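Only one structure is covered here, and it is reproduced in the block below.
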Amino acid sequence: MNKVTLDMLAAPSMCLLLAGLMSVPIHTYAAQHKGQIQASWQSSSAYPSWYAWGASVNRFGQGDDGVNISRALLQSRFELGDSWAAHSSVQYVPDPEAKVGFTELFAEYKPVVEGAYQPQVRVGGFYPKMSLENPDIGWSSPYNYGYSAINAWLGEELRVIGVEASIKRSGKRLAKPSLHNWQWVAGLYKGNDPLGAVLAWRGFAPHDRQSVFNEVLALRPTAGFMTPQLSKQAWQIEPFTEIDGRFGYYVGAHWSYQNRHDLRAYWYDNNGDPEVLNYKTGQYAWDTKFWSLAYKYKITKQTHVIAQAMAGNTAMGFSRGVDNDFDSQFILLTHRWQAFRISGRIEQFRVQDMDHWAFDPNESDGGAVTTTAKWRYSKSWRFGVEFQYLETKVANRADDNLPTRQLEHLWRLSGEYRF
């Protein structure tokens, strides 16, 4: 069954499912639901997209122009008592083949306290709260339709399946009130062992596609995959799987001041053993670690600036045969005026090949400029337009006699219904 047929069948089915769930009361003691159905028209790239075995790092590759259901989701919260709640986010993903799955599913323990210190525990599958760019429904961005390369990578390859504990200190509740608020975070998890594979063989890619649990991501096979050293690596990635039996961890700190400054700093280490391979699935454990620093400043009530930087290393194979450093940075400026919001983002990203496997080049770099205008027509209806200029250079494109440097221009018109 081809993509068009799948899209025609799955998109209406998801819309009917969401429409039926809209009849559930939005605010009840037992459950709260909110959702989104988004349709988009977009121009397409000259090359097939990365998730369709192609060389384009754009979400919309060759032949993907036209109007499509780009996302549909249902986000739910179920009250399980005074201190416990369950959260879920179910999304419809149309590309490359239509599917419906969870992007987050976890339980949260948050007891009622009177003092300045608020403990909280999350258990299940979820995103660490590294991003200040993606606070909207279903871990989306209220600023641009396409996420930065940093958060697009988190959306496709990273998900915690474990436990997170945090303590939040409210400055105004201290015996001597303070304008400084703090939160300290620590997480322990399993899974996410292939984290870093997509960066190594494709590079960074700014887009708005999130992987659902149990999803498989296609890779464009390169000449390196035909060598004895990489012959057992599958031409696809299962990003959230457990391979080596080890626990990963992360630690973080959040700081806010005067309700104008927000800062989030994280260290993430999946603690992977790069020499362990699941022969059945063709998935290696990658040793991936990085730091992330995100900052938001409210210049005025309507005008905000957001910045984020990330740097780390990822490696796999015997004697760390694939060994790459990576880094990315962006800055975003947004202004809201009545029912309109205008946002612009500039970013750059890079993967540096640090190993000696000349037959498997992993070098890539690039940058993008994204501008977006959104209009909140009513409580339920929203519309917008976006333009992105994207330049990338990926060394392994030469394996397919493709130009290593690509320029891509994306126009996107979107309309969405929220409930």
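Naming works like this for the structure tokens: A, B, ... for the chains as they're shown, residue 1 at the start of each chain, ligands 1 onward in shown order.
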Distance query Ala315 (chain A) at most 10 Å, only C-alpha atoms, self and fewer than 2 positions along chain excluded, as number ranges by chain: A: 194-197, 200, 272-275, 284-289, 313, 317-325, 354-355
DSSP-assigned strand (DSSP E or B) among region 263-370 of chain A, expressed as a ChimeraX atom specification: /A:263-269,277-278,283-284,287-298,303-316,322-337,340-353,364-370
Sel. of helix (DSSP H, G or I) residues, region 109-341 of chain A, as a ChimeraX atom specification: /A:149-157,171-173,197-201,223-226,228-230,318-320
Could you please take those selected residues and save N, CA, C and O atoms as a short mmCIF file (atom, residue, chain, number, x, y, z; two decimals), in the first residue's frame?
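Writing the result to selection26.cif gives the following:
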```
data_model
loop_
_atom_site.label_atom_id
_atom_site.label_comp_id
_atom_site.auth_asym_id
_atom_site.auth_seq_id
_atom_site.Cartn_x
_atom_site.Cartn_y
_atom_site.Cartn_z
N ALA A 149 16.95 22.47 14.91
CA ALA A 149 17.62 21.19 14.71
C ALA A 149 17.85 20.46 16.03
O ALA A 149 17.76 19.23 16.10
N ILE A 150 18.12 21.21 17.10
CA ILE A 150 18.32 20.59 18.42
C ILE A 150 17.08 19.83 18.85
O ILE A 150 17.11 18.63 19.17
N ASN A 151 15.94 20.52 18.86
CA ASN A 151 14.72 19.91 19.39
C ASN A 151 14.07 18.96 18.41
O ASN A 151 13.35 18.04 18.81
N ALA A 152 14.32 19.14 17.10
CA ALA A 152 13.87 18.14 16.14
C ALA A 152 14.58 16.82 16.38
O ALA A 152 13.97 15.74 16.30
N TRP A 153 15.89 16.87 16.70
CA TRP A 153 16.62 15.64 17.01
C TRP A 153 16.10 14.98 18.27
O TRP A 153 15.91 13.77 18.32
N LEU A 154 15.83 15.79 19.31
CA LEU A 154 15.26 15.22 20.53
C LEU A 154 13.92 14.55 20.22
O LEU A 154 13.61 13.48 20.76
N GLY A 155 13.12 15.18 19.35
CA GLY A 155 11.81 14.63 19.02
C GLY A 155 11.87 13.34 18.24
O GLY A 155 10.94 12.52 18.31
N GLU A 156 12.94 13.11 17.50
CA GLU A 156 13.00 11.89 16.69
C GLU A 156 13.81 10.78 17.34
O GLU A 156 13.54 9.59 17.11
N GLU A 157 14.80 11.10 18.18
CA GLU A 157 15.69 10.05 18.69
C GLU A 157 15.74 9.91 20.20
O GLU A 157 16.30 8.93 20.70
N GLY A 171 10.71 30.66 45.49
CA GLY A 171 11.31 31.75 46.23
C GLY A 171 10.33 32.51 47.11
O GLY A 171 10.67 32.91 48.23
N LYS A 172 9.10 32.71 46.63
CA LYS A 172 8.14 33.51 47.40
C LYS A 172 7.64 32.78 48.65
O LYS A 172 7.04 33.41 49.53
N ARG A 173 7.88 31.46 48.74
CA ARG A 173 7.43 30.70 49.91
C ARG A 173 8.50 30.56 50.98
O ARG A 173 8.26 29.96 52.02
N ALA A 197 22.66 7.61 16.25
CA ALA A 197 22.83 7.00 14.92
C ALA A 197 22.37 7.93 13.81
O ALA A 197 23.02 8.05 12.77
N VAL A 198 21.24 8.58 14.01
CA VAL A 198 20.71 9.47 12.98
C VAL A 198 21.63 10.66 12.76
O VAL A 198 21.86 11.09 11.61
N LEU A 199 22.20 11.20 13.84
CA LEU A 199 23.15 12.30 13.68
C LEU A 199 24.37 11.86 12.89
O LEU A 199 24.89 12.60 12.05
N ALA A 200 24.86 10.64 13.13
CA ALA A 200 26.07 10.17 12.47
C ALA A 200 25.89 10.01 10.98
O ALA A 200 26.76 10.40 10.19
N TRP A 201 24.78 9.43 10.55
CA TRP A 201 24.63 9.06 9.15
C TRP A 201 23.72 9.98 8.35
O TRP A 201 23.64 9.87 7.14
N ALA A 223 27.93 3.86 1.45
CA ALA A 223 28.94 2.87 1.07
C ALA A 223 29.52 2.18 2.30
O ALA A 223 29.91 1.00 2.25
N GLY A 224 29.57 2.90 3.42
CA GLY A 224 30.12 2.31 4.64
C GLY A 224 29.33 1.11 5.13
O GLY A 224 29.89 0.21 5.76
N PHE A 225 28.03 1.07 4.83
CA PHE A 225 27.20 -0.04 5.27
C PHE A 225 27.54 -1.34 4.53
O PHE A 225 27.12 -2.41 4.94
N MET A 226 28.24 -1.24 3.43
CA MET A 226 28.60 -2.42 2.65
C MET A 226 29.93 -3.04 3.10
O MET A 226 30.33 -4.07 2.58
N PRO A 228 32.71 -4.81 5.87
CA PRO A 228 32.59 -5.80 6.95
C PRO A 228 32.35 -5.17 8.32
O PRO A 228 31.62 -5.72 9.14
N GLN A 229 32.94 -4.00 8.56
CA GLN A 229 32.81 -3.37 9.88
C GLN A 229 31.38 -2.96 10.19
O GLN A 229 30.98 -2.93 11.36
N LEU A 230 30.59 -2.60 9.17
CA LEU A 230 29.21 -2.12 9.39
C LEU A 230 28.16 -3.02 8.74
O LEU A 230 27.00 -2.64 8.67
N PHE A 318 33.23 -1.58 17.40
CA PHE A 318 34.47 -2.04 18.03
C PHE A 318 35.51 -0.93 18.02
O PHE A 318 35.75 -0.29 17.00
N SER A 319 36.12 -0.69 19.20
CA SER A 319 37.13 0.38 19.36
C SER A 319 36.58 1.74 18.93
O SER A 319 37.31 2.57 18.39
N ARG A 320 35.27 1.93 19.13
CA ARG A 320 34.62 3.20 18.78
C ARG A 320 34.91 3.56 17.32
O ARG A 320 35.37 4.66 16.99
#
```
Pick from A:Ser83, A:Gln183, A:Gln329, A:Ser166 nearest to Gly366 (chain A), counting only C-alpha atoms: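 Comparing A:Ser83, A:Gln183, A:Gln329, A:Ser166 against Gly366 (chain A), the winner is A:Gln329.
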CA of Ser45 (chain A) to CA of Gly66 (chain A), distance in Å rounded to a single decimal: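 These two atoms are separated by 12.3 Å.
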Test item: residues at most 10 Å from Ser378 (chain A), only C-alpha atoms, excluding those fewer than 6 positions along its chain, as an MDAnalysis selection string: chainID A and resid 339 417:418
Nearby residues (only C-alpha atoms) at most 12 Å from Ile299 (chain A), same-chain spacing under 2 positions excluded, as a PyMOL selection string: chain A and resi 259-261+296-297+301-306+333-336
Which of A:Asn68, A:Lys190, A:Pro48, A:Leu332 sits closest to Ser141 (chain A) [using only C-alpha atoms]: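 Nearest candidate to Ser141 (chain A) out of A:Asn68, A:Lys190, A:Pro48, A:Leu332: A:Leu332.
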Mind dumping a table of every region 158-218 of chain A residue within 10 Å of region 394-413 of chain A, with the nearest atom pair and its distance in Å to one decimal, using only C-alpha atoms, sorted by chain and rising number, as a tab-separated table?
```
residue	atom	partner	partner_atom	distance
A:Trp201	CA	A:Asn396	CA	7.7
A:Arg202	CA	A:Val394	CA	7.4
A:Gly203	CA	A:Val394	CA	7.2
A:Phe204	CA	A:Val394	CA	9.8
```
For Ala165 (chain A), the nearest of the candidates A:Pro206, A:Pro128, A:Gly187, A:Pro221, counting only C-alpha atoms: A:Gly187
Point-to-point distance from CA of Lys298 (chain A) to CA of Trp182 (chain A), Å rounded to tenths: 17.9 Å
